[in-house]
Amino acid sequence: LTLLVAVGGEELRRSYSLCTAPGGGAHAVTIKRVPGGRVSNHLNDHAAAGMRLHSLPPAGRFTFEPTAAPDHLVLIGGGSGLTPLLSMLRTAVRDTPGTRVTLLLGNRDAASILFRDALDRLADEVPRVTVRHVLEQPPVGWDGGVGRLDRETLAGLLDEVPDEDGVRYGLCGPGPMMEGAKRLLLDRGVARERITEERFTPAARPPVAVTGTPQPVVYRIGGVDRQVVVQPGQTFLDAALEHDVPMAWSCGGGGCGSCLMKLEFGDVDQPAADALLDRERDEGWFLGCCARPTAPCVVHQR
């Protein structure tokens, strides 16, 4: 959910993963206090029962679909990356009795483990759920994994999880952990389509050289055409916001897919983005928050 939160008279957008299973009645997000974070600190300090928060519609593609449930779901996370993984785990336990779930979770210390009691309870009560913790600073008597959930540690844990076509992998956590986990899986021969991921921050991308010339772009949204001029270096989203074009968007970093657009005419530069599927790219879809026009364009948003 992307929350719209007023802080100091300014409306700020922040996206937080749902940690609850869909259809369960109550919905919840987990907001970790971030040093210097304007919204996370504001909500941790002031959120109270009865407070009304405004949200954009649910967005993102890091989901678990019970109708297409795998035989085995392997979830790899670190820190607050647990939150969407917990939603998947809870959904699988409730809705797909034929799916095994293995959670491999890294944290700094035992006090940092979010929802530890809930995880322990699920692992104790549901035989097809396995939870493996890895701590950088374990307490005395700790019998779990020790160290960072890096490539070497993860490789040892994955040796206990036989890979086959019926296994799907979900990754969420710090960027370096996710990059290492993804590379390890690919190096082990896991097909890219069996790996899904959600990033809390966009993947690092090289800086964009501000070159080229301004390009006229027609936005077709809600049955209305709006033509604006996109300046060199601007994304489709940048230009839409500057000219008050009512374009749908959420995270602004290529992770949720809310700003998915279709190219009807012209040409675009679309960098790699987490939420854009190869099939969609081949069909002419792109993400407005990342892509830039390289010629006059006509685009629409569904």
# chains A, B, ... in the order shown; residues from 1 in each chain; ligands from 1
>>> closest_atom_pairs(of="range 79-142 of chain A", to="range 23-45 of chain A", cutoff="10 Å", atoms="only C-alpha atoms", output="CSV")
residue,atom,partner,partner_atom,distance
A:Gly79,CA,A:Lys32,CA,9.7
A:Ser80,CA,A:Lys32,CA,7.2
A:Leu82,CA,A:Thr30,CA,9.7
A:Thr83,CA,A:Thr30,CA,6.8
A:Pro84,CA,A:Val29,CA,9.1
A:Ser87,CA,A:Ala28,CA,9.9
A:Thr91,CA,A:Gly23,CA,9.3
A:Arg94,CA,A:Gly24,CA,9.9
A:Leu114,CA,A:Thr30,CA,9.4
>>> select_by_dssp(residues="range 45-258 of chain A", states="alpha helix (DSSP H)", output="PyMOL selection string")
chain A and resi 45-46+82-95+116-125+151-158+175-187+236-242
>>> residues_around(residues="Val5 in chain A", least_positions_apart="4", cutoff="8 Å", atoms="only C-alpha atoms", output="PDB file with N, CA and C atoms, in the first residue's frame")
ATOM      1  N   GLU A  11       2.466  16.642   1.612  1.00  0.00           N
ATOM      2  CA  GLU A  11       1.984  15.273   1.429  1.00  0.00           C
ATOM      3  C   GLU A  11       3.107  14.404   0.880  1.00  0.00           C
ATOM      4  N   LEU A  12       3.419  13.351   1.610  1.00  0.00           N
ATOM      5  CA  LEU A  12       4.496  12.437   1.226  1.00  0.00           C
ATOM      6  C   LEU A  12       3.915  11.067   0.917  1.00  0.00           C
ATOM      7  N   ARG A  13       4.540  10.356  -0.020  1.00  0.00           N
ATOM      8  CA  ARG A  13       4.122   9.003  -0.379  1.00  0.00           C
ATOM      9  C   ARG A  13       5.167   8.008   0.121  1.00  0.00           C
ATOM     10  N   ARG A  14       4.682   6.968   0.774  1.00  0.00           N
ATOM     11  CA  ARG A  14       5.573   5.892   1.187  1.00  0.00           C
ATOM     12  C   ARG A  14       4.839   4.562   0.993  1.00  0.00           C
ATOM     13  N   VAL A  39       8.360   9.948   7.248  1.00  0.00           N
ATOM     14  CA  VAL A  39       7.062   9.289   7.420  1.00  0.00           C
ATOM     15  C   VAL A  39       7.138   8.186   8.466  1.00  0.00           C
ATOM     16  N   LEU A  53      -5.884   7.160   7.598  1.00  0.00           N
ATOM     17  CA  LEU A  53      -4.789   7.276   6.643  1.00  0.00           C
ATOM     18  C   LEU A  53      -5.339   7.114   5.240  1.00  0.00           C
ATOM     19  N   HIS A  54      -4.825   7.877   4.307  1.00  0.00           N
ATOM     20  CA  HIS A  54      -5.220   7.763   2.918  1.00  0.00           C
ATOM     21  C   HIS A  54      -4.210   6.875   2.193  1.00  0.00           C
TER      22      HIS A  54
END
>>> residues_around(residues="Met247 in chain A", least_positions_apart="4", cutoff="8 Å", atoms="only C-alpha atoms", output="mmCIF file with N, CA, C and O atoms, in the first residue's frame")
data_model
loop_
_atom_site.group_PDB
_atom_site.id
_atom_site.type_symbol
_atom_site.label_atom_id
_atom_site.label_comp_id
_atom_site.auth_asym_id
_atom_site.auth_seq_id
_atom_site.Cartn_x
_atom_site.Cartn_y
_atom_site.Cartn_z
ATOM 1 N N ILE A 221 -5.085 8.710 -21.417
ATOM 2 C CA ILE A 221 -5.443 8.205 -20.091
ATOM 3 C C ILE A 221 -6.907 8.520 -19.832
ATOM 4 O O ILE A 221 -7.326 9.678 -19.937
ATOM 5 N N LEU A 237 6.977 9.697 -16.233
ATOM 6 C CA LEU A 237 6.333 10.095 -14.987
ATOM 7 C C LEU A 237 6.739 11.507 -14.584
ATOM 8 O O LEU A 237 5.895 12.307 -14.160
ATOM 9 N N ALA A 240 4.754 13.871 -16.645
ATOM 10 C CA ALA A 240 3.336 13.834 -16.306
ATOM 11 C C ALA A 240 3.061 14.622 -15.026
ATOM 12 O O ALA A 240 2.096 15.390 -14.943
ATOM 13 N N LEU A 241 3.913 14.453 -14.027
ATOM 14 C CA LEU A 241 3.725 15.181 -12.774
ATOM 15 C C LEU A 241 3.926 16.682 -12.972
ATOM 16 O O LEU A 241 3.190 17.499 -12.403
ATOM 17 N N CYS A 259 2.723 2.135 -12.749
ATOM 18 C CA CYS A 259 2.816 3.096 -13.851
ATOM 19 C C CYS A 259 3.028 2.404 -15.200
ATOM 20 O O CYS A 259 3.547 3.021 -16.133
ATOM 21 N N GLN A 301 -2.272 4.305 -20.841
ATOM 22 C CA GLN A 301 -2.207 3.600 -19.576
ATOM 23 C C GLN A 301 -3.529 2.915 -19.331
ATOM 24 O O GLN A 301 -4.591 3.523 -19.475
#
>>> residues_around(residues="Leu158 in chain A", least_positions_apart="5", cutoff="12 Å", atoms="only C-alpha atoms", output="list in words")
Val74, Leu75, Ile76, Thr102, Leu103, Leu104, Arg132, Leu149, Asp150, Arg151, Glu152, Thr153, Asp163, Val167, Tyr169, Ala181, Leu184, Leu185, Arg188 and Val190 of chain A
>>> decode(residues="range 145-277 of chain A", atoms="C-alpha atoms", output="mmCIF file, in the first residue's frame")
data_model
loop_
_atom_site.group_PDB
_atom_site.id
_atom_site.type_symbol
_atom_site.label_atom_id
_atom_site.label_comp_id
_atom_site.auth_asym_id
_atom_site.auth_seq_id
_atom_site.Cartn_x
_atom_site.Cartn_y
_atom_site.Cartn_z
ATOM 1 C CA GLY A 145 22.558 -20.173 11.635
ATOM 2 C CA VAL A 146 25.326 -17.687 12.395
ATOM 3 C CA GLY A 147 26.634 -14.834 10.233
ATOM 4 C CA ARG A 148 25.184 -12.854 7.373
ATOM 5 C CA LEU A 149 22.679 -14.425 5.020
ATOM 6 C CA ASP A 150 25.256 -14.104 2.255
ATOM 7 C CA ARG A 151 25.986 -16.356 -0.702
ATOM 8 C CA GLU A 152 28.034 -18.878 1.294
ATOM 9 C CA THR A 153 25.552 -19.183 4.156
ATOM 10 C CA LEU A 154 22.579 -19.318 1.829
ATOM 11 C CA ALA A 155 24.236 -21.982 -0.304
ATOM 12 C CA GLY A 156 24.505 -24.232 2.735
ATOM 13 C CA LEU A 157 20.833 -23.699 3.602
ATOM 14 C CA LEU A 158 19.698 -24.302 0.027
ATOM 15 C CA ASP A 159 21.605 -27.600 -0.024
ATOM 16 C CA GLU A 160 18.851 -28.820 2.311
ATOM 17 C CA VAL A 161 16.150 -27.749 -0.184
ATOM 18 C CA PRO A 162 16.178 -29.963 -3.298
ATOM 19 C CA ASP A 163 15.493 -27.833 -6.357
ATOM 20 C CA GLU A 164 13.031 -28.978 -8.992
ATOM 21 C CA ASP A 165 10.516 -27.404 -11.345
ATOM 22 C CA GLY A 166 7.867 -27.343 -8.629
ATOM 23 C CA VAL A 167 9.908 -24.979 -6.432
ATOM 24 C CA ARG A 168 9.338 -21.219 -6.562
ATOM 25 C CA TYR A 169 11.521 -18.625 -4.847
ATOM 26 C CA GLY A 170 10.546 -15.261 -3.328
ATOM 27 C CA LEU A 171 13.177 -12.715 -2.273
ATOM 28 C CA CYS A 172 12.816 -9.580 -0.162
ATOM 29 C CA GLY A 173 15.368 -7.807 1.980
ATOM 30 C CA PRO A 174 18.481 -5.635 1.797
ATOM 31 C CA GLY A 175 19.789 -5.063 -1.719
ATOM 32 C CA PRO A 176 23.141 -6.907 -1.359
ATOM 33 C CA MET A 177 21.403 -9.952 0.161
ATOM 34 C CA MET A 178 18.883 -10.057 -2.672
ATOM 35 C CA GLU A 179 21.526 -9.653 -5.363
ATOM 36 C CA GLY A 180 23.594 -12.454 -3.839
ATOM 37 C CA ALA A 181 20.595 -14.753 -3.455
ATOM 38 C CA LYS A 182 19.376 -14.141 -6.988
ATOM 39 C CA ARG A 183 22.819 -14.695 -8.501
ATOM 40 C CA LEU A 184 23.268 -17.890 -6.487
ATOM 41 C CA LEU A 185 19.932 -19.282 -7.680
ATOM 42 C CA LEU A 186 20.658 -18.403 -11.313
ATOM 43 C CA ASP A 187 24.137 -19.934 -11.062
ATOM 44 C CA ARG A 188 22.512 -23.103 -9.753
ATOM 45 C CA GLY A 189 20.369 -23.300 -12.866
ATOM 46 C CA VAL A 190 17.092 -22.001 -11.436
ATOM 47 C CA ALA A 191 15.030 -20.517 -14.282
ATOM 48 C CA ARG A 192 14.482 -16.765 -13.989
ATOM 49 C CA GLU A 193 10.689 -17.171 -14.140
ATOM 50 C CA ARG A 194 10.798 -19.219 -10.914
ATOM 51 C CA ILE A 195 12.266 -16.266 -8.981
ATOM 52 C CA THR A 196 10.186 -13.281 -7.855
ATOM 53 C CA GLU A 197 11.356 -10.360 -5.779
ATOM 54 C CA GLU A 198 10.305 -7.146 -4.102
ATOM 55 C CA ARG A 199 12.698 -4.301 -3.389
ATOM 56 C CA PHE A 200 12.111 -1.656 -0.748
ATOM 57 C CA THR A 201 14.411 0.658 -2.663
ATOM 58 C CA PRO A 202 15.072 0.692 -6.417
ATOM 59 C CA ALA A 203 18.062 -1.261 -7.666
ATOM 60 C CA ALA A 204 21.095 0.937 -8.245
ATOM 61 C CA ARG A 205 21.221 2.203 -11.792
ATOM 62 C CA PRO A 206 23.950 4.157 -13.555
ATOM 63 C CA PRO A 207 23.305 7.895 -13.795
ATOM 64 C CA VAL A 208 21.459 8.998 -16.905
ATOM 65 C CA ALA A 209 23.279 11.353 -19.219
ATOM 66 C CA VAL A 210 21.058 14.295 -20.077
ATOM 67 C CA THR A 211 21.302 14.136 -23.843
ATOM 68 C CA GLY A 212 18.985 14.268 -26.833
ATOM 69 C CA THR A 213 16.235 16.718 -27.607
ATOM 70 C CA PRO A 214 12.787 17.449 -26.142
ATOM 71 C CA GLN A 215 10.172 14.977 -27.376
ATOM 72 C CA PRO A 216 6.412 15.537 -27.806
ATOM 73 C CA VAL A 217 4.413 12.805 -26.087
ATOM 74 C CA VAL A 218 0.674 12.171 -26.223
ATOM 75 C CA TYR A 219 -0.665 10.541 -23.053
ATOM 76 C CA ARG A 220 -3.958 8.665 -23.540
ATOM 77 C CA ILE A 221 -5.443 8.205 -20.091
ATOM 78 C CA GLY A 222 -9.104 7.698 -19.213
ATOM 79 C CA GLY A 223 -10.258 8.447 -22.763
ATOM 80 C CA VAL A 224 -8.525 11.839 -22.806
ATOM 81 C CA ASP A 225 -5.428 12.797 -24.837
ATOM 82 C CA ARG A 226 -2.886 15.177 -23.335
ATOM 83 C CA GLN A 227 0.215 16.257 -25.254
ATOM 84 C CA VAL A 228 3.238 17.505 -23.357
ATOM 85 C CA VAL A 229 6.892 17.997 -24.178
ATOM 86 C CA VAL A 230 9.223 15.681 -22.282
ATOM 87 C CA GLN A 231 12.581 17.320 -21.680
ATOM 88 C CA PRO A 232 15.925 15.481 -22.053
ATOM 89 C CA GLY A 233 16.557 13.330 -18.980
ATOM 90 C CA GLN A 234 12.918 13.323 -17.870
ATOM 91 C CA THR A 235 10.951 10.118 -17.489
ATOM 92 C CA PHE A 236 7.361 9.817 -18.639
ATOM 93 C CA LEU A 237 6.333 10.095 -14.987
ATOM 94 C CA ASP A 238 8.481 13.185 -14.356
ATOM 95 C CA ALA A 239 6.836 14.984 -17.265
ATOM 96 C CA ALA A 240 3.336 13.834 -16.306
ATOM 97 C CA LEU A 241 3.725 15.181 -12.774
ATOM 98 C CA GLU A 242 5.151 18.461 -14.034
ATOM 99 C CA HIS A 243 2.194 18.998 -16.376
ATOM 100 C CA ASP A 244 -0.550 17.595 -14.083
ATOM 101 C CA VAL A 245 -1.282 14.628 -16.338
ATOM 102 C CA PRO A 246 -3.409 12.213 -14.220
ATOM 103 C CA MET A 247 -1.080 9.257 -14.625
ATOM 104 C CA ALA A 248 -1.273 6.350 -12.178
ATOM 105 C CA TRP A 249 1.897 5.700 -10.193
ATOM 106 C CA SER A 250 2.951 4.548 -6.770
ATOM 107 C CA CYS A 251 6.535 3.726 -5.781
ATOM 108 C CA GLY A 252 8.298 5.736 -8.499
ATOM 109 C CA GLY A 253 11.205 3.301 -8.536
ATOM 110 C CA GLY A 254 10.285 0.473 -10.910
ATOM 111 C CA GLY A 255 9.238 -1.943 -8.204
ATOM 112 C CA CYS A 256 5.436 -1.991 -8.173
ATOM 113 C CA GLY A 257 4.212 -1.804 -11.781
ATOM 114 C CA SER A 258 1.528 0.816 -11.081
ATOM 115 C CA CYS A 259 2.816 3.096 -13.851
ATOM 116 C CA LEU A 260 2.784 0.412 -16.550
ATOM 117 C CA MET A 261 2.183 2.015 -19.963
ATOM 118 C CA LYS A 262 1.809 0.790 -23.549
ATOM 119 C CA LEU A 263 3.704 2.319 -26.448
ATOM 120 C CA GLU A 264 1.395 2.901 -29.414
ATOM 121 C CA PHE A 265 3.845 4.922 -31.483
ATOM 122 C CA GLY A 266 7.447 6.054 -31.135
ATOM 123 C CA ASP A 267 10.432 4.723 -29.245
ATOM 124 C CA VAL A 268 11.480 4.611 -25.584
ATOM 125 C CA ASP A 269 14.562 3.849 -23.538
ATOM 126 C CA GLN A 270 13.462 1.365 -20.847
ATOM 127 C CA PRO A 271 16.174 0.352 -18.333
ATOM 128 C CA ALA A 272 15.920 -2.949 -16.491
ATOM 129 C CA ALA A 273 13.184 -2.789 -13.855
ATOM 130 C CA ASP A 274 11.985 -5.280 -11.266
ATOM 131 C CA ALA A 275 8.284 -5.006 -12.080
ATOM 132 C CA LEU A 276 8.547 -5.310 -15.868
ATOM 133 C CA LEU A 277 8.299 -8.803 -17.288
#
